[in-house]
>>> print(open('protein.tsv').read())   # TSV, C-alpha atoms and all ligand atoms
chain	number	residue	atom	x	y	z
W	585	MET	CA	-65.79	41.00	-37.83
W	586	LEU	CA	-63.66	39.11	-40.28
W	587	ILE	CA	-61.08	36.82	-38.69
W	588	ARG	CA	-57.92	37.35	-40.73
W	589	THR	CA	-55.44	35.72	-38.36
W	590	SER	CA	-55.69	33.67	-35.19
W	591	ASP	CA	-52.59	32.38	-33.50
W	592	PHE	CA	-51.80	30.58	-30.30
W	593	VAL	CA	-49.51	32.77	-28.16
W	594	ILE	CA	-48.82	31.13	-24.79
W	595	SER	CA	-50.17	28.83	-22.09
W	596	ASN	CA	-49.74	29.85	-18.48
W	597	THR	CA	-50.31	28.79	-14.92
W	598	ASP	CA	-49.09	32.20	-13.78
W	599	VAL	CA	-51.14	35.35	-14.39
W	600	SER	CA	-48.04	37.55	-14.24
W	601	LYS	CA	-46.61	35.71	-17.26
W	602	CYS	CA	-49.60	36.39	-19.50
W	603	PRO	CA	-48.83	38.57	-22.57
W	604	ALA	CA	-47.78	42.11	-21.71
W	605	GLN	CA	-49.39	43.81	-24.72
W	606	ASN	CA	-52.15	46.17	-23.83
W	607	LEU	CA	-54.77	44.65	-26.12
W	608	PRO	CA	-58.42	44.09	-25.24
W	609	GLU	CA	-58.95	40.59	-23.95
W	610	TYR	CA	-62.02	38.34	-23.87
W	611	ALA	CA	-62.01	35.23	-21.69
W	612	PHE	CA	-64.09	32.11	-22.25
W	613	ILE	CA	-64.97	29.96	-19.29
W	614	GLY	CA	-67.52	27.41	-18.12
W	615	ARG	CA	-67.89	23.96	-16.71
W	616	SER	CA	-65.57	21.38	-18.06
W	617	ASN	CA	-66.88	19.80	-21.26
W	618	VAL	CA	-69.27	22.70	-21.93
W	619	GLY	CA	-67.69	23.20	-25.35
W	620	LYS	CA	-65.19	26.05	-24.81
W	621	SER	CA	-62.50	24.75	-27.08
W	622	SER	CA	-65.04	23.85	-29.78
W	623	LEU	CA	-66.49	27.37	-29.58
W	624	ILE	CA	-63.05	28.94	-29.89
W	625	ASN	CA	-62.33	26.84	-32.96
W	626	MET	CA	-65.72	27.74	-34.41
W	627	LEU	CA	-65.22	31.48	-33.79
W	628	THR	CA	-61.75	31.52	-35.30
W	629	GLY	CA	-62.67	29.18	-38.12
W	630	ARG	CA	-59.82	26.87	-37.20
W	631	LYS	CA	-60.28	23.15	-36.79
W	632	ALA	CA	-57.83	22.65	-33.97
W	633	LEU	CA	-56.67	25.95	-32.55
W	634	ALA	CA	-57.94	24.93	-29.14
W	635	LYS	CA	-57.82	21.27	-28.21
W	636	VAL	CA	-61.20	19.55	-28.19
W	637	SER	CA	-61.34	16.59	-25.88
W	638	GLY	CA	-63.53	13.76	-24.78
W	639	THR	CA	-61.82	13.97	-21.40
W	640	PRO	CA	-63.25	16.67	-19.13
W	641	GLY	CA	-60.69	18.95	-17.56
W	642	LYS	CA	-58.27	18.89	-20.46
W	643	THR	CA	-57.76	22.65	-20.62
W	644	GLN	CA	-55.86	23.29	-17.39
W	645	LEU	CA	-54.00	26.42	-18.37
W	646	ILE	CA	-54.71	30.03	-19.30
W	647	ASN	CA	-54.38	29.90	-23.08
W	648	HIS	CA	-53.90	33.14	-25.01
W	649	PHE	CA	-54.73	33.41	-28.71
W	650	ILE	CA	-54.17	36.62	-30.64
W	651	ILE	CA	-56.83	37.53	-33.19
W	652	ASN	CA	-56.14	39.88	-36.14
W	653	ASN	CA	-53.19	41.18	-34.09
W	654	GLU	CA	-55.86	43.30	-32.38
W	655	TRP	CA	-57.31	41.39	-29.45
W	656	PHE	CA	-56.73	38.36	-27.27
W	657	LEU	CA	-59.09	35.46	-26.96
W	658	VAL	CA	-58.45	33.50	-23.76
W	659	ASP	CA	-59.38	29.89	-23.08
W	660	LEU	CA	-59.61	29.44	-19.30
W	661	PRO	CA	-59.62	26.11	-17.44
W	662	GLY	CA	-63.06	24.60	-16.96
W	663	TYR	CA	-64.46	24.74	-13.47
W	664	GLY	CA	-66.32	22.03	-11.63
W	665	PHE	CA	-64.99	18.89	-13.22
W	666	ALA	CA	-65.89	15.93	-11.08
W	667	ARG	CA	-63.14	13.55	-12.09
W	668	VAL	CA	-60.23	15.69	-10.90
W	669	ALA	CA	-58.82	15.58	-7.36
W	670	LYS	CA	-59.88	18.39	-5.01
W	671	THR	CA	-56.35	19.73	-4.58
W	672	VAL	CA	-56.07	20.08	-8.36
W	673	LYS	CA	-59.52	21.68	-8.51
W	674	ASP	CA	-58.54	24.25	-5.87
W	675	LYS	CA	-55.40	25.11	-7.80
W	676	PHE	CA	-57.42	25.97	-10.93
W	677	GLN	CA	-59.96	27.88	-8.87
W	678	THR	CA	-57.16	30.08	-7.54
W	679	LEU	CA	-55.72	30.49	-11.01
W	680	ILE	CA	-59.06	31.53	-12.48
W	681	THR	CA	-59.83	33.91	-9.61
W	682	LYS	CA	-56.41	35.55	-9.86
W	683	TYR	CA	-56.66	35.94	-13.60
W	684	ILE	CA	-60.13	37.50	-13.45
W	685	LEU	CA	-59.33	39.89	-10.63
W	686	GLN	CA	-55.80	40.88	-11.68
W	687	ARG	CA	-55.85	40.97	-15.45
W	688	GLN	CA	-56.10	44.65	-16.41
W	689	GLN	CA	-56.66	43.92	-20.10
W	690	LEU	CA	-59.74	41.77	-19.45
W	691	VAL	CA	-62.74	43.45	-21.09
W	692	ALA	CA	-65.44	40.82	-20.68
W	693	VAL	CA	-65.95	37.22	-19.64
W	694	PHE	CA	-67.98	34.84	-21.79
W	695	VAL	CA	-69.62	32.35	-19.46
W	696	LEU	CA	-70.48	29.19	-21.37
W	697	VAL	CA	-73.53	27.20	-20.33
W	698	ASP	CA	-74.78	23.95	-21.87
W	699	ILE	CA	-78.22	24.89	-23.18
W	700	ARG	CA	-79.66	21.46	-22.38
W	701	HIS	CA	-79.31	21.69	-18.61
W	702	GLU	CA	-81.25	23.35	-15.83
W	703	PRO	CA	-79.41	26.37	-14.33
W	704	GLN	CA	-76.51	24.92	-12.34
W	705	LYS	CA	-75.44	26.25	-8.95
W	706	ILE	CA	-71.79	26.39	-9.94
W	707	ASP	CA	-72.51	28.64	-12.96
W	708	LEU	CA	-74.88	30.91	-11.02
W	709	GLU	CA	-72.30	31.26	-8.24
W	710	PHE	CA	-69.56	32.02	-10.71
W	711	MET	CA	-71.68	34.80	-12.26
W	712	GLN	CA	-72.38	36.13	-8.77
W	713	PHE	CA	-68.63	36.27	-8.23
W	714	LEU	CA	-68.24	38.26	-11.45
W	715	GLY	CA	-71.07	40.59	-10.49
W	716	VAL	CA	-69.75	41.23	-6.99
W	717	ASN	CA	-66.38	42.11	-8.51
W	718	SER	CA	-67.91	44.27	-11.28
W	719	VAL	CA	-66.51	42.11	-14.04
W	720	PRO	CA	-68.62	42.48	-17.21
W	721	PHE	CA	-69.90	39.16	-18.55
W	722	VAL	CA	-72.25	37.63	-21.10
W	723	ILE	CA	-73.74	34.14	-21.31
W	724	VAL	CA	-73.05	31.84	-24.24
W	725	PHE	CA	-75.38	28.87	-24.49
W	726	THR	CA	-73.59	25.98	-26.18
W	727	LYS	CA	-74.65	22.84	-28.05
W	728	ALA	CA	-77.95	24.32	-29.27
W	729	ASP	CA	-77.97	21.73	-32.08
W	730	LYS	CA	-78.76	19.12	-29.43
W	731	LEU	CA	-82.19	20.69	-28.84
W	732	LYS	CA	-85.12	21.43	-31.13
W	733	PRO	CA	-85.39	25.19	-31.97
W	734	GLY	CA	-88.46	25.74	-29.79
W	735	GLU	CA	-86.83	23.91	-26.91
W	736	ALA	CA	-83.74	26.10	-27.09
W	737	GLU	CA	-85.86	29.24	-26.75
W	738	ALA	CA	-87.72	27.79	-23.79
W	739	HIS	CA	-84.46	26.85	-22.06
W	740	VAL	CA	-83.05	30.36	-22.54
W	741	ARG	CA	-86.25	31.90	-21.17
W	742	ARG	CA	-86.18	29.61	-18.16
W	743	TYR	CA	-82.53	30.43	-17.54
W	744	GLY	CA	-83.32	34.13	-17.62
W	745	GLU	CA	-86.21	33.67	-15.18
W	746	ARG	CA	-83.91	31.85	-12.76
W	747	MET	CA	-81.31	34.62	-13.01
W	748	LEU	CA	-83.88	37.33	-12.35
W	749	GLN	CA	-84.33	35.86	-8.87
W	750	GLU	CA	-80.92	37.34	-8.10
W	751	TRP	CA	-80.24	39.95	-10.77
W	752	GLU	CA	-82.02	43.15	-11.68
W	753	GLU	CA	-81.04	42.89	-15.30
W	754	LEU	CA	-80.14	40.01	-17.54
W	755	PRO	CA	-76.75	39.88	-19.22
W	756	ARG	CA	-76.45	39.67	-22.98
W	757	MET	CA	-77.11	36.07	-24.05
W	758	PHE	CA	-75.91	34.22	-27.16
W	759	VAL	CA	-77.23	30.89	-28.39
W	760	THR	CA	-74.56	28.92	-30.21
W	761	SER	CA	-73.72	25.61	-31.78
W	762	SER	CA	-70.14	24.85	-32.68
W	763	ALA	CA	-71.36	21.91	-34.70
W	764	LYS	CA	-73.48	24.23	-36.89
W	765	ALA	CA	-71.40	27.42	-36.54
W	766	ALA	CA	-74.48	29.13	-35.06
W	767	GLY	CA	-74.04	32.35	-33.10
W	768	ARG	CA	-70.64	33.05	-34.63
W	769	ASP	CA	-71.41	36.42	-36.27
W	770	GLU	CA	-73.32	37.62	-33.23
W	771	ILE	CA	-70.39	37.00	-30.87
W	772	LEU	CA	-67.76	38.37	-33.24
W	773	ASP	CA	-69.82	41.50	-33.94
W	774	TYR	CA	-70.31	42.00	-30.23
W	775	ILE	CA	-66.55	41.86	-29.64
W	776	ASP	CA	-65.94	44.12	-32.63
W	777	GLN	CA	-68.38	46.69	-31.31
W	778	ILE	CA	-66.64	46.79	-27.93
W	779	ASN	CA	-63.17	46.96	-29.51
W	780	ARG	CA	-64.25	49.96	-31.59
W	781	SER	CA	-65.65	51.71	-28.53
W	782	LEU	CA	-62.44	51.37	-26.50
P	801	LIG	P1	-62.50	20.91	-21.39
P	801	LIG	O1	-61.43	21.77	-21.98
P	801	LIG	O2	-62.14	19.49	-21.33
P	801	LIG	O3	-63.02	21.43	-20.09
P	801	LIG	O4	-63.77	20.93	-22.39
P	801	LIG	P2	-64.29	22.11	-23.30
P	801	LIG	O5	-65.26	22.95	-22.56
P	801	LIG	O6	-63.19	22.80	-24.00
P	801	LIG	O7	-65.19	21.28	-24.36
P	801	LIG	P3	-64.80	20.74	-25.80
P	801	LIG	O8	-64.84	21.84	-26.81
P	801	LIG	O9	-63.56	19.94	-25.69
P	801	LIG	O10	-66.07	19.82	-26.11
P	801	LIG	C1	-66.46	18.76	-25.26
P	801	LIG	C2	-67.33	17.77	-26.06
P	801	LIG	O11	-68.55	18.39	-26.49
P	801	LIG	C3	-66.64	17.28	-27.33
P	801	LIG	O12	-66.98	15.94	-27.51
P	801	LIG	C4	-67.24	18.16	-28.42
P	801	LIG	O13	-67.23	17.54	-29.69
P	801	LIG	C5	-68.67	18.35	-27.91
P	801	LIG	N1	-69.25	19.64	-28.39
P	801	LIG	C6	-68.73	20.87	-28.18
P	801	LIG	N2	-69.51	21.82	-28.75
P	801	LIG	C7	-70.55	21.18	-29.35
P	801	LIG	C8	-71.69	21.62	-30.12
P	801	LIG	O14	-71.94	22.81	-30.39
P	801	LIG	N3	-72.55	20.64	-30.55
P	801	LIG	C9	-72.35	19.33	-30.28
P	801	LIG	N4	-73.25	18.47	-30.73
P	801	LIG	N5	-71.29	18.87	-29.58
P	801	LIG	C10	-70.39	19.78	-29.12
P	802	MG	MG	-61.15	22.86	-23.61
>>> encode(input="protein.tsv", output="structure tokens", more="lines below")
Ligand code: GTP
Ligand code: MG
Amino acid sequence: MLIRTSDFVISNTDVSKCPAQNLPEYAFIGRSNVGKSSLINMLTGRKALAKVSGTPGKTQLINHFIINNEWFLVDLPGYGFARVAKTVKDKFQTLITKYILQRQQLVAVFVLVDIRHEPQKIDLEFMQFLGVNSVPFVIVFTKADKLKPGEAEAHVRRYGERMLQEWEELPRMFVTSSAKAAGRDEILDYIDQINRSL
């Protein structure tokens, strides 16, 4: 897919105020600092469409971007950031849950996982939540440039093995690096394929 236009539409703390257009929507989520905003910028080819931060927990809103006037890309707040008060954390949790369960236009969730780390409970639990609620999702491994190529493969394999303790099938997995623009075509083609099938 060629990205012709990508524009910020609106930030929300209220699911009911998200854009009313009936366009397919793809949401990006993961632990704070996993590289969501960087990935969104990499996918859209824009340097600063989504704000990249050194401070975890910066994206605290549901951010809608419209791509090619055809589909929405959504930047969701990061979950599990340690340096934010519990009351604030709970608020985002509710926001994320509401969005995922109520948003009719949501086609698939892209769960971002830092490729360097062992499978984390919070990510596995979040995917369980998606599974239980029949929300389609894929995994996007981020920051692959921080590992050697062989290491990246081994980490992905290990992640899959861990998931198969709980899942019958593995979700689609993408290995990406925003720093090297790796995985861009694969993700965009995947979205394109779904959009065409709708
Ligand atoms: P919050 O919105 O704060 O939860 O973070 P986020 O998930 O949007 O992460 P963000 O894109 O802001 O990136 C966090 C940090 O990781 C920044 O310092 C980025 O430069 C860095 N980073 C993100 N993606 C990559 C990548 O592919 N490679 C490398 N080397 N660094 C990355
Ligand atoms: Mg962000």
>>> residues_around(input="protein.tsv", residues="Leu633 (chain W)", least_positions_apart="6", cutoff="8 Å", atoms="all atoms listed in the file", output="list in words")
Asp591, Phe592, Ile624 and Asn625 of chain W
>>> write_last_selection(input="protein.tsv", atoms="C-alpha atoms", output="PDB file, in the coordinates of the input")
ATOM      1  CA  ASP W 591     -52.590  32.380 -33.500  1.00  0.00           C
ATOM      2  CA  PHE W 592     -51.800  30.580 -30.300  1.00  0.00           C
ATOM      3  CA  ILE W 624     -63.050  28.940 -29.890  1.00  0.00           C
ATOM      4  CA  ASN W 625     -62.330  26.840 -32.960  1.00  0.00           C
TER       5      ASN W 625
END
>>> residues_around(input="protein.tsv", residues="Asn652 (chain W)", least_positions_apart="6", cutoff="12 Å", atoms="only C-alpha atoms", output="count of residues only")
13
>>> closest_residue(input="protein.tsv", among="W:Asp729, W:Glu737, W:Glu709, W:Glu770", to="ligand LIG 801 (chain P)", atoms="all atoms listed in the file")
W:Asp729
>>> residues_near_point(input="protein.tsv", point="(-66.2, 48.8, -30.8)", cutoff="12 Å", atoms="only C-alpha atoms", output="list in words")
Met585, Pro608, Glu654, Trp655, Val691, Leu772, Asp773, Tyr774, Ile775, Asp776, Gln777, Ile778, Asn779, Arg780, Ser781 and Leu782 of chain W
>>> axis_aligned_box(input="protein.tsv", around="region 702-714 of chain W", padding_each_side="5 Å", output="JSON")
{"center_x": -74.7, "center_y": 30.8, "center_z": -12.0, "size_x": 23.0, "size_y": 24.9, "size_z": 17.6}
>>> atom_distance(input="protein.tsv", atom1="CA of Asn647 (chain W)", atom2="CA of Lys705 (chain W)")
25.6 Å
>>> residues_around(input="protein.tsv", residues="Ser762 (chain W)", least_positions_apart="5", cutoff="10 Å", atoms="only C-alpha atoms", output="list in words")
Gly619, Lys620, Ser621, Ser622, Leu623, Ile624, Asn625, Met626, Leu627, Thr726, Lys727, Ala728, Asp729, Gly767 and Arg768 of chain W
>>> atom_distance(input="protein.tsv", atom1="CA of Ile706 (chain W)", atom2="CA of His648 (chain W)")
24.3 Å
>>> atom_distance(input="protein.tsv", atom1="CA of Val599 (chain W)", atom2="CA of Tyr683 (chain W)")
5.6 Å
>>> decode(input="protein.tsv", residues="region 755-777 of chain W", atoms="N, CA, C and O atoms", output="PDB file, in the first residue's frame")
ATOM      1  N   PRO W 755      -0.891 -15.981  16.477  1.00  0.00           N
ATOM      2  CA  PRO W 755      -1.361 -14.879  15.642  1.00  0.00           C
ATOM      3  C   PRO W 755      -0.300 -14.543  14.598  1.00  0.00           C
ATOM      4  O   PRO W 755       0.843 -15.017  14.693  1.00  0.00           O
ATOM      5  N   ARG W 756      -0.662 -13.766  13.632  1.00  0.00           N
ATOM      6  CA  ARG W 756       0.299 -13.249  12.665  1.00  0.00           C
ATOM      7  C   ARG W 756       1.319 -12.399  13.435  1.00  0.00           C
ATOM      8  O   ARG W 756       0.956 -11.664  14.349  1.00  0.00           O
ATOM      9  N   MET W 757       2.599 -12.548  13.092  1.00  0.00           N
ATOM     10  CA  MET W 757       3.643 -11.782  13.791  1.00  0.00           C
ATOM     11  C   MET W 757       4.480 -10.993  12.786  1.00  0.00           C
ATOM     12  O   MET W 757       4.821 -11.512  11.718  1.00  0.00           O
ATOM     13  N   PHE W 758       4.803  -9.762  13.141  1.00  0.00           N
ATOM     14  CA  PHE W 758       5.635  -8.898  12.306  1.00  0.00           C
ATOM     15  C   PHE W 758       6.861  -8.481  13.103  1.00  0.00           C
ATOM     16  O   PHE W 758       6.740  -8.112  14.269  1.00  0.00           O
ATOM     17  N   VAL W 759       8.006  -8.529  12.470  1.00  0.00           N
ATOM     18  CA  VAL W 759       9.232  -8.045  13.123  1.00  0.00           C
ATOM     19  C   VAL W 759       9.579  -6.693  12.508  1.00  0.00           C
ATOM     20  O   VAL W 759       9.694  -6.579  11.281  1.00  0.00           O
ATOM     21  N   THR W 760       9.686  -5.685  13.346  1.00  0.00           N
ATOM     22  CA  THR W 760       9.882  -4.331  12.824  1.00  0.00           C
ATOM     23  C   THR W 760      11.027  -3.591  13.520  1.00  0.00           C
ATOM     24  O   THR W 760      11.442  -3.943  14.627  1.00  0.00           O
ATOM     25  N   SER W 761      11.499  -2.584  12.823  1.00  0.00           N
ATOM     26  CA  SER W 761      12.396  -1.594  13.422  1.00  0.00           C
ATOM     27  C   SER W 761      12.032  -0.244  12.838  1.00  0.00           C
ATOM     28  O   SER W 761      12.097  -0.063  11.619  1.00  0.00           O
ATOM     29  N   SER W 762      11.614   0.653  13.703  1.00  0.00           N
ATOM     30  CA  SER W 762      11.288   2.000  13.223  1.00  0.00           C
ATOM     31  C   SER W 762      12.556   2.721  12.816  1.00  0.00           C
ATOM     32  O   SER W 762      12.549   3.535  11.894  1.00  0.00           O
ATOM     33  N   ALA W 763      13.637   2.396  13.492  1.00  0.00           N
ATOM     34  CA  ALA W 763      14.922   3.028  13.179  1.00  0.00           C
ATOM     35  C   ALA W 763      15.373   2.670  11.757  1.00  0.00           C
ATOM     36  O   ALA W 763      15.964   3.490  11.061  1.00  0.00           O
ATOM     37  N   LYS W 764      15.065   1.440  11.324  1.00  0.00           N
ATOM     38  CA  LYS W 764      15.510   0.976   9.995  1.00  0.00           C
ATOM     39  C   LYS W 764      14.357   0.827   8.998  1.00  0.00           C
ATOM     40  O   LYS W 764      14.540   0.293   7.904  1.00  0.00           O
ATOM     41  N   ALA W 765      13.179   1.263   9.382  1.00  0.00           N
ATOM     42  CA  ALA W 765      11.970   1.122   8.550  1.00  0.00           C
ATOM     43  C   ALA W 765      11.728  -0.333   8.143  1.00  0.00           C
ATOM     44  O   ALA W 765      11.211  -0.616   7.059  1.00  0.00           O
ATOM     45  N   ALA W 766      12.082  -1.266   8.996  1.00  0.00           N
ATOM     46  CA  ALA W 766      11.878  -2.694   8.706  1.00  0.00           C
ATOM     47  C   ALA W 766      10.462  -3.117   9.093  1.00  0.00           C
ATOM     48  O   ALA W 766       9.947  -2.688  10.123  1.00  0.00           O
ATOM     49  N   GLY W 767       9.868  -3.937   8.249  1.00  0.00           N
ATOM     50  CA  GLY W 767       8.528  -4.466   8.523  1.00  0.00           C
ATOM     51  C   GLY W 767       7.414  -3.565   8.010  1.00  0.00           C
ATOM     52  O   GLY W 767       6.238  -3.895   8.139  1.00  0.00           O
ATOM     53  N   ARG W 768       7.785  -2.463   7.405  1.00  0.00           N
ATOM     54  CA  ARG W 768       6.796  -1.472   6.972  1.00  0.00           C
ATOM     55  C   ARG W 768       5.873  -2.046   5.888  1.00  0.00           C
ATOM     56  O   ARG W 768       4.651  -2.022   6.021  1.00  0.00           O
ATOM     57  N   ASP W 769       6.466  -2.560   4.809  1.00  0.00           N
ATOM     58  CA  ASP W 769       5.656  -3.074   3.694  1.00  0.00           C
ATOM     59  C   ASP W 769       4.765  -4.220   4.145  1.00  0.00           C
ATOM     60  O   ASP W 769       3.618  -4.325   3.713  1.00  0.00           O
ATOM     61  N   GLU W 770       5.302  -5.070   5.007  1.00  0.00           N
ATOM     62  CA  GLU W 770       4.542  -6.233   5.466  1.00  0.00           C
ATOM     63  C   GLU W 770       3.269  -5.783   6.196  1.00  0.00           C
ATOM     64  O   GLU W 770       2.178  -6.312   5.962  1.00  0.00           O
ATOM     65  N   ILE W 771       3.407  -4.809   7.085  1.00  0.00           N
ATOM     66  CA  ILE W 771       2.246  -4.348   7.852  1.00  0.00           C
ATOM     67  C   ILE W 771       1.259  -3.620   6.949  1.00  0.00           C
ATOM     68  O   ILE W 771       0.049  -3.870   7.000  1.00  0.00           O
ATOM     69  N   LEU W 772       1.765  -2.760   6.092  1.00  0.00           N
ATOM     70  CA  LEU W 772       0.867  -1.995   5.216  1.00  0.00           C
ATOM     71  C   LEU W 772       0.146  -2.921   4.223  1.00  0.00           C
ATOM     72  O   LEU W 772      -1.038  -2.737   3.950  1.00  0.00           O
ATOM     73  N   ASP W 773       0.847  -3.926   3.720  1.00  0.00           N
ATOM     74  CA  ASP W 773       0.205  -4.873   2.801  1.00  0.00           C
ATOM     75  C   ASP W 773      -0.865  -5.695   3.525  1.00  0.00           C
ATOM     76  O   ASP W 773      -1.914  -5.998   2.955  1.00  0.00           O
ATOM     77  N   TYR W 774      -0.566  -6.035   4.756  1.00  0.00           N
ATOM     78  CA  TYR W 774      -1.534  -6.780   5.567  1.00  0.00           C
ATOM     79  C   TYR W 774      -2.824  -5.968   5.735  1.00  0.00           C
ATOM     80  O   TYR W 774      -3.927  -6.477   5.535  1.00  0.00           O
ATOM     81  N   ILE W 775      -2.674  -4.694   6.077  1.00  0.00           N
ATOM     82  CA  ILE W 775      -3.843  -3.823   6.254  1.00  0.00           C
ATOM     83  C   ILE W 775      -4.582  -3.663   4.919  1.00  0.00           C
ATOM     84  O   ILE W 775      -5.813  -3.737   4.855  1.00  0.00           O
ATOM     85  N   ASP W 776      -3.815  -3.487   3.866  1.00  0.00           N
ATOM     86  CA  ASP W 776      -4.401  -3.318   2.534  1.00  0.00           C
ATOM     87  C   ASP W 776      -5.248  -4.520   2.145  1.00  0.00           C
ATOM     88  O   ASP W 776      -6.365  -4.389   1.639  1.00  0.00           O
ATOM     89  N   GLN W 777      -4.680  -5.695   2.415  1.00  0.00           N
ATOM     90  CA  GLN W 777      -5.377  -6.947   2.091  1.00  0.00           C
ATOM     91  C   GLN W 777      -6.712  -7.023   2.826  1.00  0.00           C
ATOM     92  O   GLN W 777      -7.729  -7.365   2.226  1.00  0.00           O
TER      93      GLN W 777
END
